[in-house]
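Asker: For reference, the structure I am asking about is given below.
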Protein chains: 2
Amino acid sequence: MIEAAVLGYGTVGSGVVEVIERNREEVSRRAGEEVHVKYILDLRDFPGDPYEDKVVHDFNLILEDEEVSIICEVMGGVGAAYQFTKQALEAGKSVCSSNKELVAKHGAELLAIAARKHCNYMFEASVGGGIPVIRSINNALTPERIEAVTGILNGTTNYILSKMEREGADYAQALKQAQELGYAERNPEADVEGHDACRKIAILASLMTGNNVDAEKIYTEGITKITAADFDYARAAGMTIKLLARASLQEDGSVLAMVAPHMLSKEHSLAMVNDVFNGIFVTGNMLGDTMFYGHGAGKLPTASAVTADVIDCIRNRDRTAWCIWEETECRLADVAQTKKKFFVRVKASARKAAEEVFSGSSILEVPEHPEEAGVITQELTERECSEKCALLKENVISRIRML
Amino acid sequence: MIEAAVLGYGTVGSGVVEVIERNREEVSRRAGEEVHVKYILDLRDFPGDPYEDKVVHDFNLILEDEEVSIICEVMGGVGAAYQFTKQALEAGKSVCSSNKELVAKHGAELLAIAARKHCNYMFEASVGGGIPVIRSINNALTPERIEAVTGILNGTTNYILSKMEREGADYAQALKQAQELGYAERNPEADVEGHDACRKIAILASLMTGNNVDAEKIYTEGITKITAADFDYARAAGMTIKLLARASLQEDGSVLAMVAPHMLSKEHSLAMVNDVFNGIFVTGNMLGDTMFYGHGAGKLPTASAVTADVIDCIRNRDRTAWCIWEETECRLADVAQTKKKFFVRVKASARKAAEEVFSGSSILEVPEHPEEAGVITQELTERECSEKCALLKENVISRIRML
């Protein structure tokens with residue numbers, strides 16, 4: 001019998017208890033031993049809850065209980081969660097986390113402690129919810145030089161963009177509906193400004209390279225400036241707009257990491273990832289592209305991923321499972337120097353000027369917007385594009401990267 | 001330094017040597033040790049090949065060399081490959097295989113030998129080429145009761161069907177082109193009759209349930225009867241036709257396993273898996289649907305999966321990695337009793353009769369085929385549908401299951 005504790009009895013925490021309880025037989029069979037939740041740590045009480053007798057308020061009770069060997073940290077944040085995780089690992093207890101903020105910020109350090117203490121720090125649920133992309137990078141795509149990871153890693157923004165595409169909705173309308181359905185929070189900033197996707201791509205980029213990618217250094221642009229008009233153009237060009245988080249190996253060995261809305265062909269597999277789903281493309285130098293698709297969030301899928309970590313910790317009880325993420329900083333490429341095509345909307349009066357500035361570009365016009373023109377540029381560096389846009393001054397209405 | 005041997009120097013075998021050579025740095029880093037191919041077993045000689053000095057013709061040389069701890073069996077077939085694998089495992093050497101025929105037929109037995117000898121039998125490459133679906137079932141989706149696995153598991157037939165869909169080509173034309181491009185073999189039977197997909201779903205169904213699913217007992221129907229006309233109807237209904245291999249848990253605990261062409265909505269994620277790609281949907285009771293997509297065949301993707309197994313064998317040198325596939329027979333459901341909708345084409349003269357026989361069905365007519373009508377039935381068991389078709393006798397032109 002393995003004794004576990006769950007830190008945080010919110011959506012994911014109650015999901016973990018539910019998965020362990022409802023799938024008791026599967027969990028025991030796959031772990032080779034029964035798993036029992038002995039404690040649930042939360043500041044609140046839960047009178048009437050079937051597990052109210054497990055609820056405790058003092059982490060030390062858990063830390064000092066030698067029976068407890070695995071801790072699920074699903075409380076979030078980088079304050080108490082960080083302290084508790086460090087203390088647990090130092091005490092030789094394995095920790096399974098869904099806390100992407102903490103993993104992105106302190107993953108390398110926490111993994112090093114786990115290795116030193118012969119226990120495990122696992123965090124499958126921190127990226128892509130129930131999609132096993134972390135385990136695939138760590139354990140399955142091992143012979144590959146992973147050249148790029150490109151993902152739709154945030155369900156909230158993907159829901160909003162899918163709705164804008166399908167219904168011609170405005171950003172504000174789509175956000176409001178996402179909030180009503182519980183897909184977006186009252187304060188949606190972390191999602192719509194791209195911070196959540198940024199943390200997740202920082203984690204994937206760190207695992208892809210084995211070195212630490214600092215989320216705060218990743219160029220991040222959200223979806224708040226995307227309009228219904230942008231989608232009118234995308235539709236006319238057989239494309240759509242997605243918030244992509246991307247990390248790619250550059251020729252000089254550095255890594256380009258960024259989060260930004262991109263226009264991409266409707267034929268691209270990522271274009272087919274709609275609503276709250278996540279999709280992650282991994283490109284290996286031998287394997288080519290492999291895609292993982294599924295529920296990127298939600299109570300039970302996320303809890304399932306945490307429980308998968310619990311089972312893996314039990315299987316690796318005597319040792320630290322492989323996960324290469326050193327504290328050495330990964331060298332990031334200068335985004336301004338990287339090349340791609342851009343889609344630039346300009347006022348109709350500046351069309352001629354735009355064609356001159358963006359030589360070799362093609363022009364896209366849509367009947368809905370006779371007062372403007374869309375420019376699909378040649379491949380340019382980010383810097384070149386910014387300089388060219390500056391020449392056109394206030395005639396530039398918007399600019400979106402193309403995949 | 002780990003010494004390995006490769007059995008069979010064909011497409012996959014030479015790919016394994018190439019992956020280990022070209023990605024030496026990645027392989028060493030992820031395995032924690034360098035991997036060296038000491039022997040290549042083949043009946044032929046390869047004068048001028050850069051590795052000709054490694055080529056041997058006698059398996060006993062490999063078996064008796066105590067330095068060799070890992071063997072890649074990529075020769076195919078169930079004769080010598082079976083003998084060699086058994087002997088290797090009995091000698092405590094781990095075996096990594098891409099041989100789906102052997103894995104489907106003797107997987108449970110070979111895993112049992114590996115467990116007894118504290119070594120490993122791994123076969124990621126036997127299903128889905130480079131797509132890590134086996135590792136995901138074994139190591140990632142572990143808390144799940146897996147309710148269904150539905151996949152496009154054969155690239156050859158998927159290429160043919162994609163071509164028929166896109167170009168309105170006939171089956172014979174599409175097959176011919178697939179053969180010219182090397183996607184189909186001169187004798188394409190194993191692919192087009194569904195046998196290849198059948199072996200793969202037998203493997204996945206065994207891993208999904210933990211009990212042995214006998215490929216020979218799986219209802220298997222190929223794509224040879226699919227016509228351009230079937231695609232005319234599919235197109236009109238916003239659908240397409242794919243060869244699906246499916247295993248699903250039934251309420252009584254039995255497993256329904258089958259391989260057959262299915263009509264499915266163009267909106268379904270599997271409809272977007274085109275050409276030689278594979279796509280596999282795994283449905284868990286907590287997780288919902290997760291999809292894996294990528295190169296289901298090909299030299300380097302398949303070799304990459306074999307090499308991933310080599311690395312995993314090295315990481316699990318001291319023990320047998322988890323893989324639950326008992327020799328106990330899995331109870332298969334009677335296909336005749338299972339329910340689904342069907343698409344039935346009938347002669348126009350029998351349209352009235354068909355509407356009576358298939359009460360509650362809807363009729364689909366396409367301008368290309370005024371001499372017939374398409375019937376989309378209500379949910380029926382396979383038996384009911386066959387009985388109803390029998391009533392309409394030679395008026396039934398074709399019948400396709402719907403997903």
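Letters for chains follow the order of the structure tokens (A, B, ...), residue numbers begin at 1 for each chain, and ligand numbers begin at 1 in the order shown.
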Can you tell me which residues surround Thr142 of chain A at a distance of at most 12 Å, considering only C-alpha atoms, apart from same-chain residues fewer than 5 positions away, and format the answer as a VMD selection string?
Answerer: (chain A and resid 134 to 137 207 to 210 284 to 287 322 to 324) or (chain B and resid 19 to 20 23 to 32 130 132 135 304 to 315)
Asker: Would you pick out the contacts of segment 187-192 of chain A at 10 Å or less, using only C-alpha atoms, so that residues sharing its chain but fewer than 4 positions from it are not included, and give the list as an mmCIF file with N, CA and C atoms, in the first residue's frame?
Answerer:
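Resulting contents of selection38.cif:
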data_model
loop_
_atom_site.group_PDB
_atom_site.id
_atom_site.type_symbol
_atom_site.label_atom_id
_atom_site.label_comp_id
_atom_site.auth_asym_id
_atom_site.auth_seq_id
_atom_site.Cartn_x
_atom_site.Cartn_y
_atom_site.Cartn_z
ATOM 1 N N ASN A 154 -2.828 26.302 -24.985
ATOM 2 C CA ASN A 154 -3.766 26.981 -24.087
ATOM 3 C C ASN A 154 -5.191 26.844 -24.622
ATOM 4 N N GLY A 155 -6.011 26.132 -23.869
ATOM 5 C CA GLY A 155 -7.378 25.848 -24.320
ATOM 6 C C GLY A 155 -8.264 27.077 -24.359
ATOM 7 N N THR A 156 -8.075 27.988 -23.419
ATOM 8 C CA THR A 156 -8.922 29.175 -23.342
ATOM 9 C C THR A 156 -8.806 30.008 -24.622
ATOM 10 N N THR A 157 -7.575 30.327 -24.981
ATOM 11 C CA THR A 157 -7.390 31.152 -26.174
ATOM 12 C C THR A 157 -7.784 30.378 -27.430
ATOM 13 N N ASN A 158 -7.586 29.082 -27.420
ATOM 14 C CA ASN A 158 -7.975 28.321 -28.603
ATOM 15 C C ASN A 158 -9.487 28.296 -28.759
ATOM 16 N N ILE A 160 -11.459 30.736 -27.787
ATOM 17 C CA ILE A 160 -11.825 32.085 -28.259
ATOM 18 C C ILE A 160 -11.549 32.216 -29.763
ATOM 19 N N LEU A 175 -14.551 36.185 -25.858
ATOM 20 C CA LEU A 175 -14.021 36.093 -24.491
ATOM 21 C C LEU A 175 -15.171 35.999 -23.492
ATOM 22 N N ALA A 178 -16.588 32.615 -23.467
ATOM 23 C CA ALA A 178 -15.653 31.676 -22.823
ATOM 24 C C ALA A 178 -15.748 31.808 -21.304
ATOM 25 N N GLN A 179 -15.918 33.047 -20.840
ATOM 26 C CA GLN A 179 -16.045 33.261 -19.397
ATOM 27 C C GLN A 179 -17.348 32.664 -18.872
ATOM 28 N N TYR A 183 -14.618 28.559 -19.349
ATOM 29 C CA TYR A 183 -13.348 28.253 -20.031
ATOM 30 C C TYR A 183 -12.312 29.353 -19.812
ATOM 31 N N ASP A 196 0.399 31.774 -19.894
ATOM 32 C CA ASP A 196 0.236 30.349 -19.606
ATOM 33 C C ASP A 196 0.954 29.509 -20.675
ATOM 34 N N ALA A 197 0.731 29.846 -21.931
ATOM 35 C CA ALA A 197 1.396 29.115 -23.024
ATOM 36 C C ALA A 197 2.909 29.287 -22.933
ATOM 37 N N CYS A 198 3.333 30.468 -22.511
ATOM 38 C CA CYS A 198 4.761 30.753 -22.379
ATOM 39 C C CYS A 198 5.410 29.825 -21.364
ATOM 40 N N GLU A 221 3.389 37.127 -27.042
ATOM 41 C CA GLU A 221 2.357 38.042 -27.531
ATOM 42 C C GLU A 221 1.037 37.286 -27.439
ATOM 43 N N GLY A 222 0.023 37.912 -26.879
ATOM 44 C CA GLY A 222 -1.267 37.240 -26.698
ATOM 45 C C GLY A 222 -2.200 37.445 -27.876
ATOM 46 N N ILE A 223 -3.479 37.216 -27.637
ATOM 47 C CA ILE A 223 -4.458 37.262 -28.739
ATOM 48 C C ILE A 223 -5.376 38.465 -28.655
ATOM 49 N N THR A 224 -5.112 39.399 -27.734
ATOM 50 C CA THR A 224 -6.079 40.472 -27.487
ATOM 51 C C THR A 224 -6.232 41.431 -28.664
ATOM 52 N N LYS A 225 -5.247 41.444 -29.557
ATOM 53 C CA LYS A 225 -5.348 42.367 -30.686
ATOM 54 C C LYS A 225 -5.913 41.707 -31.937
ATOM 55 N N LEU A 243 -3.031 30.640 -31.634
ATOM 56 C CA LEU A 243 -1.952 31.069 -30.753
ATOM 57 C C LEU A 243 -0.967 29.912 -30.641
#
Asker: Need to verify the contact set: segment 290-302 of chain A, 8 Å, only C-alpha atoms, exclusion of same-chain residues closer than 2 positions in sequence. Can you return it as number ranges by chain?
Answerer: A: 11-12, 15-16, 19, 98, 125, 127-133, 153-155, 273, 276-283, 287-288, 304-306; B: 130-131, 286-295
Asker: Print the selection's residues with N, CA and C atoms to a file, as a CSV table (one decimal), in the first residue's frame.
Answerer:
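Full text of again_29.csv as output:
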chain,number,residue,atom,x,y,z
A,11,THR,N,-10.1,22.1,-8.1
A,11,THR,CA,-10.6,21.3,-9.2
A,11,THR,C,-9.7,20.0,-9.4
A,12,VAL,N,-8.4,20.3,-9.6
A,12,VAL,CA,-7.5,19.2,-10.0
A,12,VAL,C,-7.3,18.3,-8.8
A,15,GLY,N,-10.1,16.0,-8.4
A,15,GLY,CA,-10.0,15.1,-9.6
A,15,GLY,C,-9.0,14.0,-9.3
A,16,VAL,N,-7.9,14.3,-8.7
A,16,VAL,CA,-6.9,13.2,-8.4
A,16,VAL,C,-7.5,12.2,-7.4
A,19,VAL,N,-10.0,10.1,-9.5
A,19,VAL,CA,-9.3,9.1,-10.4
A,19,VAL,C,-8.8,8.0,-9.6
A,98,SER,N,1.0,19.5,-11.1
A,98,SER,CA,0.3,20.0,-12.3
A,98,SER,C,0.6,21.5,-12.4
A,125,ALA,N,1.3,16.7,-16.0
A,125,ALA,CA,0.0,17.5,-16.1
A,125,ALA,C,0.3,19.0,-16.3
A,127,VAL,N,1.8,20.4,-18.7
A,127,VAL,CA,1.7,20.8,-20.1
A,127,VAL,C,0.7,19.9,-20.8
A,128,GLY,N,-0.2,20.5,-21.5
A,128,GLY,CA,-1.1,19.6,-22.3
A,128,GLY,C,-2.1,18.8,-21.5
A,129,GLY,N,-2.4,19.1,-20.2
A,129,GLY,CA,-3.3,18.3,-19.4
A,129,GLY,C,-3.1,16.9,-19.5
A,130,GLY,N,-4.0,16.2,-20.1
A,130,GLY,CA,-3.9,14.7,-20.2
A,130,GLY,C,-3.1,14.2,-21.3
A,131,ILE,N,-2.6,15.0,-22.1
A,131,ILE,CA,-1.8,14.6,-23.3
A,131,ILE,C,-0.4,14.2,-22.8
A,132,PRO,N,0.1,13.0,-23.1
A,132,PRO,CA,1.3,12.5,-22.5
A,132,PRO,C,2.6,13.0,-23.3
A,133,VAL,N,2.7,14.3,-23.5
A,133,VAL,CA,3.8,14.9,-24.3
A,133,VAL,C,5.1,14.9,-23.6
A,153,LEU,N,-1.2,25.3,-26.8
A,153,LEU,CA,-1.0,24.8,-25.5
A,153,LEU,C,-2.0,25.4,-24.5
A,154,ASN,N,-2.8,26.3,-25.0
A,154,ASN,CA,-3.8,27.0,-24.1
A,154,ASN,C,-5.2,26.8,-24.6
A,155,GLY,N,-6.0,26.1,-23.9
A,155,GLY,CA,-7.4,25.8,-24.3
A,155,GLY,C,-8.3,27.1,-24.4
A,273,VAL,N,-7.1,21.6,-34.7
A,273,VAL,CA,-7.2,21.6,-33.2
A,273,VAL,C,-8.1,22.7,-32.8
A,276,VAL,N,-11.5,23.9,-26.9
A,276,VAL,CA,-10.5,23.9,-25.8
A,276,VAL,C,-9.4,22.8,-25.9
A,277,PHE,N,-9.4,22.1,-27.0
A,277,PHE,CA,-8.4,21.1,-27.2
A,277,PHE,C,-7.0,21.7,-27.4
A,278,ASN,N,-6.0,20.8,-27.1
A,278,ASN,CA,-4.6,21.2,-27.3
A,278,ASN,C,-4.0,20.3,-28.4
A,279,GLY,N,-3.0,20.7,-29.1
A,279,GLY,CA,-2.3,19.9,-30.0
A,279,GLY,C,-0.9,20.3,-30.0
A,280,ILE,N,0.0,19.3,-30.0
A,280,ILE,CA,1.4,19.6,-30.0
A,280,ILE,C,2.2,18.8,-31.0
A,281,PHE,N,2.9,19.5,-31.9
A,281,PHE,CA,3.7,18.9,-32.9
A,281,PHE,C,5.1,18.8,-32.4
A,282,VAL,N,5.7,17.7,-32.5
A,282,VAL,CA,7.1,17.5,-32.2
A,282,VAL,C,7.8,17.1,-33.4
A,283,THR,N,8.9,17.8,-33.8
A,283,THR,CA,9.6,17.5,-35.0
A,283,THR,C,11.0,16.9,-34.6
A,287,LEU,N,12.5,11.2,-37.1
A,287,LEU,CA,11.1,10.9,-37.0
A,287,LEU,C,10.2,11.7,-37.9
A,288,GLY,N,10.7,13.0,-38.2
A,288,GLY,CA,9.8,13.9,-38.8
A,288,GLY,C,8.8,14.4,-37.8
A,304,SER,N,-5.8,12.8,-14.3
A,304,SER,CA,-5.3,11.5,-14.8
A,304,SER,C,-3.8,11.6,-15.0
A,305,ALA,N,-3.4,12.7,-15.6
A,305,ALA,CA,-1.9,12.9,-15.8
A,305,ALA,C,-1.1,12.9,-14.5
A,306,VAL,N,-1.7,13.5,-13.4
A,306,VAL,CA,-1.0,13.5,-12.1
A,306,VAL,C,-1.0,12.1,-11.6
B,130,GLY,N,6.9,5.4,-36.0
B,130,GLY,CA,7.5,6.3,-35.0
B,130,GLY,C,6.6,6.9,-34.0
B,131,ILE,N,5.3,6.6,-34.1
B,131,ILE,CA,4.4,7.2,-33.1
B,131,ILE,C,4.4,6.4,-31.8
B,286,MET,N,-11.3,8.5,-18.0
B,286,MET,CA,-11.1,9.7,-17.3
B,286,MET,C,-10.6,10.8,-18.2
B,287,LEU,N,-9.8,10.4,-19.2
B,287,LEU,CA,-9.1,11.3,-20.1
B,287,LEU,C,-9.9,11.7,-21.3
B,288,GLY,N,-10.9,10.9,-21.6
B,288,GLY,CA,-11.6,11.2,-22.9
B,288,GLY,C,-10.6,10.8,-24.0
B,289,ASP,N,-10.7,11.5,-25.2
B,289,ASP,CA,-9.9,11.1,-26.4
B,289,ASP,C,-8.6,11.7,-26.4
B,290,THR,N,-7.6,11.0,-26.7
B,290,THR,CA,-6.3,11.5,-27.0
B,290,THR,C,-5.8,10.9,-28.3
B,291,MET,N,-5.3,11.8,-29.2
B,291,MET,CA,-4.9,11.2,-30.5
B,291,MET,C,-3.4,11.4,-30.7
B,292,PHE,N,-2.8,10.3,-31.3
B,292,PHE,CA,-1.4,10.3,-31.7
B,292,PHE,C,-1.4,10.2,-33.2
B,293,TYR,N,-0.5,11.0,-33.8
B,293,TYR,CA,-0.5,11.1,-35.2
B,293,TYR,C,1.0,11.2,-35.7
B,294,GLY,N,1.3,10.6,-36.8
B,294,GLY,CA,2.7,10.7,-37.3
B,294,GLY,C,3.0,9.7,-38.4
B,295,HIS,N,4.3,9.5,-38.6
B,295,HIS,CA,4.7,8.6,-39.7
B,295,HIS,C,4.6,7.1,-39.2
Asker: Pull the strand (DSSP E) assignments for segment 18-247 of chain B out of DSSP run on the backbone, and list those residues as a VMD selection string.
Answerer: chain B and resid 35 to 41 55 to 56 68 to 73 94 to 97 121 to 122 146 to 152 219 to 220 239 to 247
Asker: Please determine, counting only C-alpha atoms, which residue among B:Glu180, B:Glu371, B:Glu193, B:Glu267 has the shortest atom-to-atom distance to chain A.
Answerer: B:Glu267
Asker: At most 10 Å is the cut-off: for each residue in segment 312-362 of chain B with any atom that close to an atom of segment 254-265 of chain B, write down the nearest atom pair and the distance in Å rounded to one decimal, counting only C-alpha atoms, chain first then increasing number, as a Markdown table.
Answerer:
| residue | atom | partner | partner_atom | distance |
| --- | --- | --- | --- | --- |
| B:Cys330 | CA | B:Ser254 | CA | 7.4 |
| B:Arg331 | CA | B:Ser254 | CA | 5.0 |
| B:Leu332 | CA | B:Val255 | CA | 4.7 |
| B:Ala333 | CA | B:Leu256 | CA | 4.8 |
| B:Asp334 | CA | B:Leu256 | CA | 7.2 |
| B:Val335 | CA | B:Leu256 | CA | 6.7 |
| B:Gln337 | CA | B:Leu256 | CA | 9.9 |
| B:Thr338 | CA | B:Leu256 | CA | 8.0 |
| B:Lys341 | CA | B:Met263 | CA | 9.8 |
| B:Phe342 | CA | B:Met263 | CA | 8.6 |
| B:Phe343 | CA | B:Met263 | CA | 7.9 |
Asker: Would you mind exporting N, CA, C and O atoms of the selected residues as a PDB file, in the first residue's frame?
Answerer:
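Output contents, as saved in out_1.pdb:
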ATOM      1  N   CYS B 330      -8.124 -12.989 -24.076  1.00  0.00           N
ATOM      2  CA  CYS B 330      -9.115 -11.932 -23.889  1.00  0.00           C
ATOM      3  C   CYS B 330     -10.433 -12.410 -24.508  1.00  0.00           C
ATOM      4  O   CYS B 330     -10.450 -12.997 -25.581  1.00  0.00           O
ATOM      5  N   ARG B 331     -11.530 -12.159 -23.823  1.00  0.00           N
ATOM      6  CA  ARG B 331     -12.831 -12.575 -24.353  1.00  0.00           C
ATOM      7  C   ARG B 331     -13.283 -11.558 -25.411  1.00  0.00           C
ATOM      8  O   ARG B 331     -13.461 -10.386 -25.116  1.00  0.00           O
ATOM      9  N   LEU B 332     -13.436 -12.026 -26.631  1.00  0.00           N
ATOM     10  CA  LEU B 332     -13.836 -11.127 -27.718  1.00  0.00           C
ATOM     11  C   LEU B 332     -15.351 -11.119 -27.878  1.00  0.00           C
ATOM     12  O   LEU B 332     -16.012 -12.159 -27.724  1.00  0.00           O
ATOM     13  N   ALA B 333     -15.896  -9.964 -28.177  1.00  0.00           N
ATOM     14  CA  ALA B 333     -17.343  -9.846 -28.393  1.00  0.00           C
ATOM     15  C   ALA B 333     -17.701 -10.428 -29.757  1.00  0.00           C
ATOM     16  O   ALA B 333     -16.885 -10.436 -30.675  1.00  0.00           O
ATOM     17  N   ASP B 334     -18.925 -10.897 -29.863  1.00  0.00           N
ATOM     18  CA  ASP B 334     -19.429 -11.401 -31.140  1.00  0.00           C
ATOM     19  C   ASP B 334     -19.783 -10.199 -32.020  1.00  0.00           C
ATOM     20  O   ASP B 334     -20.697  -9.434 -31.714  1.00  0.00           O
ATOM     21  N   VAL B 335     -19.019 -10.040 -33.094  1.00  0.00           N
ATOM     22  CA  VAL B 335     -19.217  -8.871 -33.955  1.00  0.00           C
ATOM     23  C   VAL B 335     -20.661  -8.778 -34.450  1.00  0.00           C
ATOM     24  O   VAL B 335     -21.238  -7.693 -34.542  1.00  0.00           O
ATOM     25  N   GLN B 337     -23.310  -9.167 -33.059  1.00  0.00           N
ATOM     26  CA  GLN B 337     -24.247  -8.583 -32.084  1.00  0.00           C
ATOM     27  C   GLN B 337     -24.011  -7.098 -31.859  1.00  0.00           C
ATOM     28  O   GLN B 337     -24.742  -6.469 -31.106  1.00  0.00           O
ATOM     29  N   THR B 338     -22.951  -6.551 -32.448  1.00  0.00           N
ATOM     30  CA  THR B 338     -22.617  -5.172 -32.115  1.00  0.00           C
ATOM     31  C   THR B 338     -23.340  -4.200 -33.025  1.00  0.00           C
ATOM     32  O   THR B 338     -23.593  -4.493 -34.193  1.00  0.00           O
ATOM     33  N   LYS B 341     -24.445   2.253 -37.252  1.00  0.00           N
ATOM     34  CA  LYS B 341     -25.167   2.625 -38.464  1.00  0.00           C
ATOM     35  C   LYS B 341     -24.423   2.090 -39.677  1.00  0.00           C
ATOM     36  O   LYS B 341     -23.202   1.917 -39.634  1.00  0.00           O
ATOM     37  N   PHE B 342     -25.155   1.863 -40.752  1.00  0.00           N
ATOM     38  CA  PHE B 342     -24.543   1.384 -41.998  1.00  0.00           C
ATOM     39  C   PHE B 342     -24.942   2.298 -43.147  1.00  0.00           C
ATOM     40  O   PHE B 342     -26.017   2.905 -43.133  1.00  0.00           O
ATOM     41  N   PHE B 343     -24.070   2.353 -44.131  1.00  0.00           N
ATOM     42  CA  PHE B 343     -24.401   3.023 -45.382  1.00  0.00           C
ATOM     43  C   PHE B 343     -24.553   1.929 -46.440  1.00  0.00           C
ATOM     44  O   PHE B 343     -23.614   1.170 -46.684  1.00  0.00           O
TER      45      PHE B 343
END
Asker: Just give me the gap between atom CA of Phe358 of chain A and atom CA of Ala271 of chain A in Å, one decimal is fine.
Answerer: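 According to the coordinates, atom CA of Phe358 of chain A and atom CA of Ala271 of chain A are separated by 26.9 Å.
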Asker: Write out as a PDB file with C-alpha atoms, in the first residue's frame the residues lying within 8 Å of segment 161-163 of chain B, counting only C-alpha atoms and excluding same-chain residues fewer than 3 positions away.
Answerer:
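Now in out-v3.pdb:
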ATOM      1  CA  THR B 157      -4.359   1.592 -47.536  1.00  0.00           C
ATOM      2  CA  ASN B 158      -4.624   5.105 -46.163  1.00  0.00           C
ATOM      3  CA  ARG B 166      -9.018  13.471 -53.517  1.00  0.00           C
ATOM      4  CA  GLU B 167      -8.830  12.492 -57.157  1.00  0.00           C
ATOM      5  CA  GLY B 168     -11.931  10.383 -57.596  1.00  0.00           C
ATOM      6  CA  ALA B 169      -9.566   7.582 -58.595  1.00  0.00           C
ATOM      7  CA  TYR B 171      -9.218   1.467 -56.334  1.00  0.00           C
ATOM      8  CA  ALA B 174      -4.821   4.223 -56.721  1.00  0.00           C
ATOM      9  CA  ILE B 241     -13.888   6.501 -45.944  1.00  0.00           C
ATOM     10  CA  LYS B 242     -11.016   5.164 -43.840  1.00  0.00           C
ATOM     11  CA  ASN B 274      -4.191  11.420 -44.922  1.00  0.00           C
ATOM     12  CA  ASP B 275      -1.724   9.724 -47.240  1.00  0.00           C
TER      13      ASP B 275
END
Asker: Please provide the set of residues having any atom within 10 Å of Ser14 of chain A, restricted to only C-alpha atoms, with same-chain residues fewer than 3 positions apart removed, written as a VMD selection string.
Answerer: chain A and resid 6 8 to 11 17 to 19 40 51 74 299 to 300 303
